[in-house]
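A.B. asks: Contents of coords.txt (compact mmCIF, C-alpha atoms and all ligand atoms) are given next:
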# COMPACT_ATOMS: atom_id res chain seq x y z
CA MET N 222 250.21 39.74 -35.58
CA THR N 223 252.72 42.52 -35.23
CA PRO N 224 252.50 45.31 -37.82
CA GLN N 225 254.83 44.69 -40.72
CA GLN N 226 255.63 46.93 -43.60
CA SER N 227 255.57 44.52 -46.49
CA VAL N 228 253.30 41.63 -45.61
CA VAL N 229 251.49 40.09 -48.54
CA LEU N 230 249.62 36.82 -48.11
CA ARG N 231 247.58 35.21 -50.82
CA ARG N 232 246.03 31.93 -51.92
CA GLY N 233 248.58 29.12 -51.93
CA ASP N 234 250.61 30.50 -48.99
CA SER N 235 250.96 28.59 -45.75
CA GLY N 236 252.58 28.94 -42.35
CA PRO N 237 252.13 30.73 -39.02
CA ALA N 238 251.23 34.10 -40.61
CA VAL N 239 248.35 32.41 -42.43
CA ALA N 240 247.26 30.79 -39.16
CA ALA N 241 247.19 34.24 -37.51
CA VAL N 242 245.08 35.64 -40.36
CA CYS N 243 242.63 32.72 -40.02
CA GLU N 244 242.38 33.34 -36.30
CA ARG N 245 241.44 36.99 -36.90
CA LEU N 246 238.95 36.04 -39.60
CA ALA N 247 237.33 33.57 -37.21
CA LEU N 248 237.02 36.30 -34.56
CA SER N 249 235.50 38.73 -37.04
CA GLY N 250 232.98 36.06 -38.04
CA ASP N 251 234.18 35.84 -41.64
CA LEU N 252 235.68 32.35 -41.33
CA PRO N 253 233.06 30.24 -39.58
CA GLY N 254 234.36 27.14 -37.85
CA GLY N 255 237.67 28.74 -36.92
CA SER N 256 241.01 27.91 -38.46
CA GLY N 257 241.49 26.93 -42.07
CA HIS N 258 242.91 23.66 -43.30
CA SER N 259 246.40 22.46 -42.54
CA ASP N 260 248.80 20.86 -44.96
CA ARG N 261 250.69 17.63 -44.27
CA PHE N 262 253.29 19.50 -42.22
CA GLY N 263 250.56 20.88 -39.97
CA GLU N 264 250.88 24.41 -41.44
CA ALA N 265 247.76 26.53 -41.99
CA VAL N 266 246.91 26.92 -45.69
CA TYR N 267 245.53 30.00 -47.45
CA ASP N 268 242.95 28.09 -49.49
CA GLU N 269 239.81 29.14 -51.33
CA ARG N 270 237.80 29.28 -48.11
CA VAL N 271 240.29 31.66 -46.53
CA GLU N 272 240.33 33.77 -49.69
CA GLN N 273 236.51 34.03 -49.59
CA ALA N 274 236.67 35.01 -45.91
CA VAL N 275 239.25 37.72 -46.68
CA LYS N 276 237.02 39.04 -49.47
CA SER N 277 233.98 39.19 -47.22
CA PHE N 278 236.01 41.03 -44.56
CA GLN N 279 237.33 43.49 -47.17
CA GLN N 280 233.83 44.05 -48.51
CA ARG N 281 232.43 44.89 -45.09
CA ARG N 282 235.30 47.20 -44.22
CA GLY N 283 235.33 49.12 -47.49
CA LEU N 284 238.75 47.85 -48.54
CA ILE N 285 239.70 46.88 -52.07
CA VAL N 286 238.19 43.40 -52.48
CA ASP N 287 241.00 41.28 -53.94
CA GLY N 288 241.20 38.38 -51.49
CA VAL N 289 244.85 39.23 -50.81
CA VAL N 290 246.11 40.28 -47.38
CA GLY N 291 248.31 43.26 -48.20
CA ARG N 292 249.39 46.05 -45.91
CA SER N 293 246.07 47.86 -45.47
CA THR N 294 243.95 44.72 -45.09
CA TYR N 295 246.50 43.43 -42.60
CA ALA N 296 246.33 46.61 -40.52
CA VAL N 297 242.51 46.69 -40.44
CA LEU N 298 242.29 42.95 -39.73
CA ASP N 299 244.77 43.34 -36.90
CA GLY N 300 242.91 46.36 -35.52
CA ALA N 301 239.53 44.60 -35.57
CA ARG N 302 240.31 42.35 -32.63
CA TRP N 303 240.65 45.14 -30.08
CA ALA N 304 237.81 46.36 -27.86
CA LEU N 305 238.31 49.49 -25.77
CA GLY N 306 240.14 48.53 -22.58
CA ASP N 307 241.86 45.44 -24.04
CA ARG N 308 245.20 47.20 -24.35
CA VAL N 309 246.82 50.42 -23.24
CA LEU N 310 246.26 53.18 -25.80
CA ARG N 311 248.48 56.18 -26.21
CA TYR N 312 249.85 58.44 -28.91
CA VAL N 313 252.96 57.07 -30.63
CA PRO N 314 254.15 59.76 -33.07
CA GLU N 315 256.07 57.55 -35.44
CA HIS N 316 253.47 54.79 -35.64
CA PHE N 317 249.85 55.61 -34.75
CA ILE N 318 248.11 52.80 -32.90
CA GLU N 319 245.07 51.79 -34.91
CA GLY N 320 242.10 49.58 -34.31
CA ASP N 321 238.46 49.31 -33.38
CA ASP N 322 239.30 50.26 -29.79
CA VAL N 323 240.63 53.60 -31.05
CA VAL N 324 237.32 54.13 -32.90
CA ALA N 325 235.50 53.45 -29.61
CA LEU N 326 237.80 55.87 -27.73
CA GLN N 327 237.32 58.63 -30.31
CA SER N 328 233.53 58.20 -30.36
CA ARG N 329 233.42 58.26 -26.56
CA LEU N 330 235.54 61.45 -26.39
CA ALA N 331 233.37 63.12 -29.01
CA GLU N 332 230.16 62.18 -27.19
CA LEU N 333 231.55 63.72 -24.05
CA GLY N 334 232.29 66.97 -25.84
CA PHE N 335 236.01 66.57 -26.45
CA THR N 336 236.91 66.77 -30.11
CA PRO N 337 239.28 64.04 -31.19
CA GLY N 338 239.28 65.03 -34.88
CA LYS N 339 237.94 62.57 -37.38
CA VAL N 340 236.75 59.23 -35.98
CA ASP N 341 239.11 57.15 -38.08
CA GLY N 342 240.55 54.54 -35.74
CA LEU N 343 244.02 56.13 -35.80
CA HIS N 344 245.42 57.40 -32.51
CA GLY N 345 246.96 60.63 -33.81
CA PRO N 346 247.77 64.02 -32.25
CA SER N 347 244.15 65.30 -32.13
CA THR N 348 242.99 62.16 -30.34
CA ASP N 349 245.89 62.64 -27.96
CA SER N 350 245.01 66.21 -27.08
CA ALA N 351 241.28 65.40 -26.72
CA LEU N 352 242.19 62.52 -24.41
CA ARG N 353 244.46 64.74 -22.28
CA ALA N 354 241.78 67.42 -22.08
CA PHE N 355 239.29 64.79 -20.94
CA GLN N 356 241.70 63.48 -18.29
CA ALA N 357 242.35 66.97 -16.97
CA ALA N 358 238.62 67.71 -16.89
CA VAL N 359 237.87 64.68 -14.72
CA GLY N 360 240.84 65.31 -12.42
CA LEU N 361 243.19 62.61 -13.67
CA VAL N 362 246.84 63.10 -14.57
CA PRO N 363 246.65 64.17 -18.22
CA ASP N 364 249.20 61.65 -19.39
CA GLY N 365 247.46 60.72 -22.64
CA THR N 366 247.41 57.04 -21.73
CA VAL N 367 244.20 55.04 -21.63
CA GLY N 368 244.82 52.80 -18.64
CA PRO N 369 242.49 51.40 -15.97
CA GLU N 370 241.86 54.80 -14.31
CA THR N 371 240.79 56.48 -17.52
CA MET N 372 238.58 53.48 -18.31
CA ARG N 373 236.94 53.83 -14.88
CA ALA N 374 236.35 57.52 -15.54
CA PHE N 375 234.67 56.70 -18.84
CA ALA N 376 232.48 54.09 -17.16
CA GLY N 377 231.44 56.55 -14.46
CA LEU N 378 230.21 59.17 -16.88
CA ARG N 379 226.82 58.94 -18.47
CA ARG N 380 226.39 60.33 -21.92
CA SER N 381 225.07 63.83 -21.74
CA VAL N 382 224.76 63.91 -25.49
CA SER N 383 223.60 60.94 -27.47
CA GLY N 384 222.60 60.36 -31.03
CA GLY N 385 224.15 62.01 -34.01
CA SER N 386 227.49 61.08 -35.38
CA ALA N 387 230.62 62.70 -34.02
CA ASN N 388 232.05 63.21 -37.50
CA ALA N 389 228.83 64.82 -38.72
CA LEU N 390 228.73 67.25 -35.81
CA ARG N 391 232.36 68.19 -36.30
CA GLU N 392 232.05 68.71 -40.05
CA ARG N 393 228.80 70.70 -39.81
CA GLU N 394 230.32 72.94 -37.17
CA HIS N 395 233.32 73.56 -39.40
CA ILE N 396 231.11 74.64 -42.30
CA ARG N 397 228.94 76.78 -40.08
CA ARG N 398 231.98 78.62 -38.74
CA GLY N 399 233.33 79.16 -42.25
CA GLY N 400 230.08 80.81 -43.36
CA TYR N 401 227.93 79.81 -46.29
CA SER N 402 230.39 80.67 -48.97
CA LEU N 403 233.22 79.25 -51.02
CA SER N 404 235.29 82.38 -50.80
CA GLY N 405 238.27 82.15 -48.45
CA ARG N 406 238.31 78.36 -48.40
CA THR N 407 241.22 76.10 -49.29
CA ILE N 408 240.56 73.15 -51.56
CA VAL N 409 243.20 70.54 -52.30
CA LEU N 410 242.97 69.05 -55.78
CA ASP N 411 244.64 65.69 -56.15
CA PRO N 412 245.19 64.63 -59.75
CA GLY N 413 245.74 60.87 -59.48
CA HIS N 414 249.06 59.17 -60.29
CA GLY N 415 251.87 61.27 -61.82
CA GLY N 416 255.65 61.07 -61.90
CA GLY N 417 256.62 57.64 -63.22
CA ASP N 418 253.05 56.40 -62.83
CA ALA N 419 250.81 57.38 -65.74
CA GLY N 420 247.77 55.50 -64.46
CA ALA N 421 245.47 53.89 -67.01
CA HIS N 422 245.94 54.19 -70.79
CA GLY N 423 242.86 54.11 -72.96
CA HIS N 424 241.27 54.82 -76.31
CA ARG N 425 242.18 57.92 -78.29
CA GLY N 426 245.62 58.06 -76.71
CA LEU N 427 244.16 59.21 -73.40
CA VAL N 428 246.37 58.81 -70.34
CA GLU N 429 244.82 59.01 -66.88
CA ALA N 430 247.55 61.04 -65.14
CA ARG N 431 247.55 63.71 -67.87
CA LEU N 432 243.76 63.86 -68.08
CA ALA N 433 243.38 64.20 -64.31
CA LEU N 434 245.82 67.12 -64.29
CA ASP N 435 244.04 68.76 -67.22
CA LEU N 436 240.71 68.54 -65.39
CA ALA N 437 242.29 69.80 -62.16
CA ARG N 438 243.53 72.93 -63.98
CA ARG N 439 240.07 73.62 -65.38
CA ILE N 440 238.61 73.31 -61.88
CA GLU N 441 241.36 75.52 -60.45
CA GLY N 442 240.55 78.37 -62.81
CA ARG N 443 236.87 78.34 -61.86
CA LEU N 444 237.48 78.01 -58.13
CA SER N 445 240.07 80.79 -58.06
CA ALA N 446 237.47 83.05 -59.67
CA HIS N 447 235.32 82.36 -56.59
CA GLY N 448 238.02 83.36 -54.14
CA VAL N 449 239.05 79.80 -53.30
CA SER N 450 242.71 78.96 -52.66
CA VAL N 451 243.51 75.88 -54.69
CA VAL N 452 246.45 73.67 -53.83
CA PHE N 453 247.63 70.78 -56.01
CA THR N 454 249.15 67.59 -54.62
CA ARG N 455 251.32 67.38 -57.72
CA THR N 456 252.22 69.14 -60.95
CA GLU N 457 253.24 67.85 -64.35
CA ALA N 458 256.83 67.49 -63.23
CA THR N 459 256.35 66.20 -59.68
CA ASP N 460 254.96 62.99 -58.29
CA GLY N 461 252.31 63.33 -55.57
CA GLY N 462 253.61 60.29 -53.70
CA THR N 463 251.52 57.56 -52.13
CA ASP N 464 247.94 58.21 -51.07
CA GLU N 465 249.14 58.39 -47.46
CA GLU N 466 251.61 61.13 -48.42
CA ARG N 467 248.93 63.02 -50.34
CA ALA N 468 246.62 62.84 -47.31
CA ALA N 469 249.41 64.12 -45.04
CA PHE N 470 250.03 66.97 -47.47
CA ALA N 471 246.33 67.97 -47.45
CA ASN N 472 246.39 67.91 -43.63
CA SER N 473 249.44 70.15 -43.61
CA CYS N 474 247.55 72.67 -45.80
CA ASP N 475 244.67 72.65 -43.33
CA ALA N 476 242.36 72.42 -46.34
CA ASP N 477 238.57 72.52 -46.14
CA LEU N 478 238.12 69.71 -48.60
CA VAL N 479 240.11 67.34 -50.79
CA LEU N 480 239.05 66.20 -54.23
CA SER N 481 240.97 63.38 -55.85
CA LEU N 482 240.60 62.88 -59.61
CA HIS N 483 240.92 59.56 -61.40
CA THR N 484 239.54 57.72 -64.38
CA ASP N 485 238.63 54.06 -64.38
CA HIS N 486 239.77 51.16 -66.52
CA SER N 487 238.36 47.69 -67.05
CA ALA N 488 239.76 44.74 -68.94
CA SER N 489 236.45 43.94 -70.63
CA GLY N 490 236.05 47.37 -72.22
CA SER N 491 232.32 47.35 -71.59
CA ALA N 492 232.30 49.02 -68.15
CA HIS N 493 231.52 52.72 -68.34
CA GLY N 494 230.32 55.65 -66.28
CA ALA N 495 231.34 57.90 -63.40
CA SER N 496 231.42 57.18 -59.68
CA THR N 497 232.39 58.94 -56.46
CA TYR N 498 233.86 57.71 -53.18
CA PHE N 499 233.82 59.15 -49.66
CA TYR N 500 235.07 58.01 -46.25
CA GLY N 501 232.94 55.44 -44.45
CA HIS N 502 232.86 51.86 -43.23
CA PRO N 503 230.10 50.16 -45.24
CA ASP N 504 229.09 48.19 -42.12
CA SER N 505 229.26 51.11 -39.74
CA ALA N 506 226.16 50.66 -37.61
CA ALA N 507 226.18 53.97 -35.78
CA HIS N 508 227.71 55.89 -38.68
CA SER N 509 230.26 57.18 -36.22
CA ASP N 510 233.09 56.50 -38.63
CA TRP N 511 231.44 58.08 -41.61
CA SER N 512 231.98 61.41 -43.33
CA VAL N 513 228.55 62.95 -43.72
CA ILE N 514 229.81 65.99 -45.60
CA GLY N 515 231.97 63.72 -47.75
CA GLU N 516 228.93 61.64 -48.58
CA SER N 517 226.84 64.67 -49.33
CA PHE N 518 229.50 66.18 -51.59
CA ALA N 519 230.07 62.81 -53.30
CA ASP N 520 226.33 62.52 -54.06
CA LEU N 521 225.94 66.09 -55.26
CA LEU N 522 229.07 65.94 -57.38
CA LEU N 523 228.08 62.73 -59.10
CA ARG N 524 224.58 64.05 -59.86
CA GLU N 525 226.01 67.25 -61.33
CA VAL N 526 228.60 65.37 -63.41
CA VAL N 527 226.05 62.91 -64.77
CA ALA N 528 223.52 65.62 -65.56
CA ARG N 529 226.08 67.73 -67.44
CA THR N 530 228.10 65.10 -69.30
CA GLY N 531 225.76 62.20 -70.00
CA LEU N 532 228.23 59.77 -68.36
CA THR N 533 226.45 56.81 -66.76
CA ASP N 534 225.73 57.06 -63.02
CA CYS N 535 227.77 54.35 -61.26
CA ARG N 536 226.72 55.66 -57.82
CA SER N 537 228.71 56.95 -54.90
CA HIS N 538 230.29 54.56 -52.44
CA ALA N 539 231.68 54.49 -48.88
CA ARG N 540 235.31 53.39 -48.77
CA THR N 541 238.18 53.39 -46.26
CA TRP N 542 240.98 54.01 -48.76
CA PRO N 543 243.98 55.82 -47.22
CA LEU N 544 243.33 59.13 -48.97
CA LEU N 545 239.74 59.21 -47.69
CA ARG N 546 240.57 57.94 -44.24
CA ARG N 547 243.76 59.74 -43.34
CA THR N 548 242.60 63.21 -44.35
CA ARG N 549 241.25 65.27 -41.47
CA MET N 550 238.83 67.14 -43.75
CA PRO N 551 236.08 65.71 -45.97
CA ALA N 552 237.69 63.98 -48.94
CA VAL N 553 236.05 62.70 -52.09
CA ARG N 554 237.39 60.82 -55.06
CA LEU N 555 235.79 61.24 -58.47
CA ASP N 556 236.30 58.61 -61.16
CA PHE N 557 235.13 60.42 -64.26
CA GLY N 558 234.59 57.68 -66.83
CA TYR N 559 236.38 54.59 -68.14
CA LEU N 560 239.24 55.19 -70.54
CA SER N 561 238.84 51.56 -71.67
CA HIS N 562 235.33 52.35 -72.95
CA GLU N 563 234.98 53.79 -76.48
CA GLY N 564 232.07 56.07 -75.62
CA ASP N 565 233.52 57.41 -72.37
CA ALA N 566 236.90 58.01 -74.02
CA ALA N 567 235.24 59.89 -76.87
CA SER N 568 233.53 62.14 -74.32
CA LEU N 569 236.69 62.78 -72.33
CA ALA N 570 238.72 63.56 -75.43
CA ASN N 571 236.35 66.50 -75.84
CA ALA N 572 237.57 69.61 -74.00
CA GLN N 573 234.00 70.87 -73.66
CA ILE N 574 233.02 67.80 -71.65
CA LEU N 575 235.98 68.38 -69.32
CA ASP N 576 234.75 71.93 -68.83
CA HIS N 577 231.33 70.53 -67.92
CA VAL N 578 232.94 68.26 -65.33
CA ALA N 579 234.88 71.23 -63.91
CA GLU N 580 231.69 73.28 -63.72
CA ALA N 581 229.95 70.35 -61.99
CA VAL N 582 232.68 70.36 -59.32
CA VAL N 583 232.26 74.05 -58.58
CA VAL N 584 228.46 73.88 -58.46
CA ALA N 585 228.53 70.78 -56.22
CA LEU N 586 230.95 72.53 -53.87
CA GLN N 587 228.71 75.58 -53.73
CA ARG N 588 225.76 73.38 -52.92
CA VAL N 589 227.62 71.69 -50.05
CA TYR N 590 228.25 75.08 -48.52
CA LEU N 591 224.70 76.26 -49.13
CA GLY N 592 223.44 73.65 -46.69
CA GLU N 593 220.52 71.27 -46.78
CA ALA N 594 217.76 73.74 -47.59
CA ASP N 595 218.90 73.93 -51.19
CA THR N 596 216.65 71.78 -53.35
CA SER N 597 217.27 73.23 -56.82
CA ARG N 598 217.26 70.70 -59.61
CA THR N 599 220.54 69.04 -60.60
CA GLY N 600 222.44 70.17 -63.66
CA VAL N 601 220.47 73.34 -64.27
CA LEU N 602 221.97 75.75 -61.77
CA ARG N 603 224.32 78.34 -63.21
CA LEU N 604 226.96 79.92 -61.05
CA ASP N 605 225.18 83.26 -61.16
CA ASP N 606 221.99 81.71 -59.78
CA LEU N 607 224.02 80.29 -56.97
CA ARG N 608 225.58 83.62 -56.16
CA ARG N 609 222.12 85.16 -55.95
CA HIS N 610 220.85 82.28 -53.84
CA LEU N 611 223.82 82.72 -51.52
CA GLU N 612 223.10 86.36 -51.00
CA THR N 613 219.47 85.60 -50.09
CA MET N 614 220.63 82.92 -47.67
CA ARG N 615 223.13 85.21 -46.03
CA GLY N 616 220.39 87.83 -45.65
CA GLN N 617 218.13 85.30 -43.89
CA HIS N 618 220.99 84.19 -41.72
CA VAL N 619 221.64 87.72 -40.52
CA SER N 620 217.98 88.46 -39.77
CA ALA N 621 217.63 85.15 -37.90
CA ASP N 622 220.56 86.12 -35.70
CA ARG N 623 219.01 89.49 -35.02
CA THR N 624 215.70 87.94 -33.95
CA VAL N 625 217.51 85.81 -31.39
CA SER N 626 219.45 88.69 -29.89
ZN ZN N 701 243.66 56.04 -61.00
Please express what this file holds, its structure, as structure tokens.
Ligand SMILES: [Zn+2]

C.D. replies:
Amino acid sequence: MTPQQSVVLRRGDSGPAVAAVCERLALSGDLPGGSGHSDRFGEAVYDERVEQAVKSFQQRRGLIVDGVVGRSTYAVLDGARWALGDRVLRYVPEHFIEGDDVVALQSRLAELGFTPGKVDGLHGPSTDSALRAFQAAVGLVPDGTVGPETMRAFAGLRRSVSGGSANALREREHIRRGGYSLSGRTIVLDPGHGGGDAGAHGHRGLVEARLALDLARRIEGRLSAHGVSVVFTRTEATDGGTDEERAAFANSCDADLVLSLHTDHSASGSAHGASTYFYGHPDSAAHSDWSVIGESFADLLLREVVARTGLTDCRSHARTWPLLRRTRMPAVRLDFGYLSHEGDAASLANAQILDHVAEAVVVALQRVYLGEADTSRTGVLRLDDLRRHLETMRGQHVSADRTVS
């Protein structure tokens, strides 16, 4: 399976590409009994069993569960077969190597005190520099290539640090260094869709792309008042590009956090409520590839939104969507209601409700930066209370430092 740009395989297809997919699914344990059925020409067939196996793989890996092998499923499926040491890893600028072996490499580097950036399974520039730093530290040629010598060096080193997730440590450290305040931070707001893509259309003439931008502006006003620099991935006139491009843009801004705004749509018209998404593999055992701050912000945000708007709580979920995965900072997506639902649409047509959602975003952000000690009840905190709380916290922080020194 070599990476291809436009591969799409679905039920009814047959041929060598299907056989390769079946082989991977057998290895991952999703297609028990190995290869799928063959047709009368001996070609592997993408039948119902294969489709089920693809869905179970997608479910476990946090991909969109559609039973179709498109580009992202293909890449993750292809990456899943690699264990660290199976192939030579190095940084390829125009096409990052990705796979489970890269996750293992990043986790190993992080455990040993070298910071590879987010543990995301993509061999990018931060992984490259962490790897070179590691090689130099153990006296190897810092060539950025994981070959037999580097593997031997890894094997020879015992973990000095164990436990705790690399992503969590990295994110906590980032917040600690920034201080317990929103002021001076950069937040990227990503109103979904845009340009030629209007997103979902719903009751009351609501259009997702326009609504997302409207909400983003309300959030911007409130955040700017708190000294936050707000950057948009798109405006009314411009198109934010693909999710990969939006993620790359947020990385180039060196933002502290990314918030993507969407609304939902369902054919039945009965689905309703709000949900949030953060980066994580649902089956991640060690939680090494998991954004702890993302999860915490996603939880807080949803609670604040639900408490202030009356939208139904559809929970927060770990996903590996490109925008969540390819951003180097915590990223969260908020789906604020279903435009296909009469009740949700009526709420969202009301400017006051949008203001409540915007307020919920600011309060949830404040709470993320206040740290874990904050246990105030959801939906009741006003911004002034938070400011006071912050000042008390900063006071404690200073006196704690003094006691130590
Ligand atoms: Zn959308």

A.B. asks: Once you count all atoms listed in the file, which residues end up within 8 Å of ligand ZN 701 (chain N), and could you hand them over as a list in words?

C.D. replies: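 Final answer, ordered by chain and number: Gly413, His414, Gly420, Ala421, Glu429, Ala430, Leu482, His483, Thr484, Asp485 and Asp556 of chain N.
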
A.B. asks: Rank nothing, just name the residue among N:Ser445, N:Ser328, N:Ser404, N:Thr463 nearest to N:Pro543, using all atoms listed in the file.

C.D. replies: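 For N:Pro543, the nearest of the given residues is N:Thr463.
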
A.B. asks: Atom CA of N:Val275 to atom CA of N:Ala419: how many Å, to one decimal?

C.D. replies: 29.7 Å

A.B. asks: What is the atom CA of N:Tyr500 to atom CA of N:Asp341 distance in Å?

C.D. replies: 9.2 Å

A.B. asks: Can you measure atom CA of N:Gly288 to atom CA of N:Tyr498 for me? One decimal in Å is fine.

C.D. replies: 20.7 Å

A.B. asks: With a distance cut-off of 8 Å and all atoms listed in the file, select the neighbouring residues of N:Gly233, excluding the residue or stretch itself and same-chain residues fewer than 5 positions from it, and output the selection as an MDAnalysis selection string.

C.D. replies: chainID N and resid 266:268

A.B. asks: Is there a way to get, as a compact mmCIF listing (two decimals) with C-alpha atoms, in the frame of the given file, all residues within 8 Å of the point (251.0, 26.5, -42.9) in file coordinates, counting all atoms listed in the file?

C.D. replies:
# COMPACT_ATOMS: atom_id res chain seq x y z
CA ASP N 234 250.61 30.50 -48.99
CA SER N 235 250.96 28.59 -45.75
CA GLY N 236 252.58 28.94 -42.35
CA PRO N 237 252.13 30.73 -39.02
CA ALA N 238 251.23 34.10 -40.61
CA VAL N 239 248.35 32.41 -42.43
CA ALA N 240 247.26 30.79 -39.16
CA SER N 259 246.40 22.46 -42.54
CA ASP N 260 248.80 20.86 -44.96
CA PHE N 262 253.29 19.50 -42.22
CA GLY N 263 250.56 20.88 -39.97
CA GLU N 264 250.88 24.41 -41.44
CA ALA N 265 247.76 26.53 -41.99
CA VAL N 266 246.91 26.92 -45.69
CA TYR N 267 245.53 30.00 -47.45

A.B. asks: The residues within 12 Å of (241.8, 54.9, -72.1), using all atoms listed in the file and the coordinates of the file, should be reported as number ranges by chain; which are they?

C.D. replies: N: 419-432, 483-488, 490, 492-493, 557-570

A.B. asks: Given all atoms listed in the file as the basis, pick out the residue of N:Leu330, N:Val228, N:Ala325, N:Cys474 nearest to N:Leu305.

C.D. replies: N:Ala325

A.B. asks: Hey, which of N:Lys276, N:His344, N:Arg524, N:Arg292 ends up closest to N:Leu252? Count only C-alpha atoms.

C.D. replies: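 Selected residue with least distance to N:Leu252: N:Lys276.
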
A.B. asks: Give me the residues near N:Glu457 as a list of chain:residue names, where near means some atom within 8 Å (using only C-alpha atoms) and where sequence neighbours in that chain fewer than 5 positions away do not count.

C.D. replies: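 Here the qualifying residues turn out to be N:Gly415, N:Gly416, N:Arg431, N:Leu434.
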
A.B. asks: Could you save those same residues with C-alpha atoms as a tab-separated table (two decimals), in the coordinates of the input?

C.D. replies:
chain	number	residue	atom	x	y	z
N	415	GLY	CA	251.87	61.27	-61.82
N	416	GLY	CA	255.65	61.07	-61.90
N	431	ARG	CA	247.55	63.71	-67.87
N	434	LEU	CA	245.82	67.12	-64.29

A.B. asks: Measuring between only C-alpha atoms, which one of N:Ala374, N:Arg311, N:Gln356, N:Val553 shows the shortest distance to N:Leu410?

C.D. replies: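 Among N:Ala374, N:Arg311, N:Gln356, N:Val553, it is N:Val553 that comes nearest to N:Leu410.
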
A.B. asks: Give the answer as one residue: which of N:Pro363, N:Asp435, N:His447, N:Ala539 has the shortest atom-to-atom distance to N:Ser402, using all atoms listed in the file?

C.D. replies: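 Ranking N:Pro363, N:Asp435, N:His447, N:Ala539 by distance to N:Ser402, first place goes to N:His447.
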
A.B. asks: Pick out the closest residue to N:Leu352 from this set: N:Met550, N:Leu555, N:Leu522, N:Val367. Count only C-alpha atoms.

C.D. replies: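 Among N:Met550, N:Leu555, N:Leu522, N:Val367, it is N:Val367 that comes nearest to N:Leu352.
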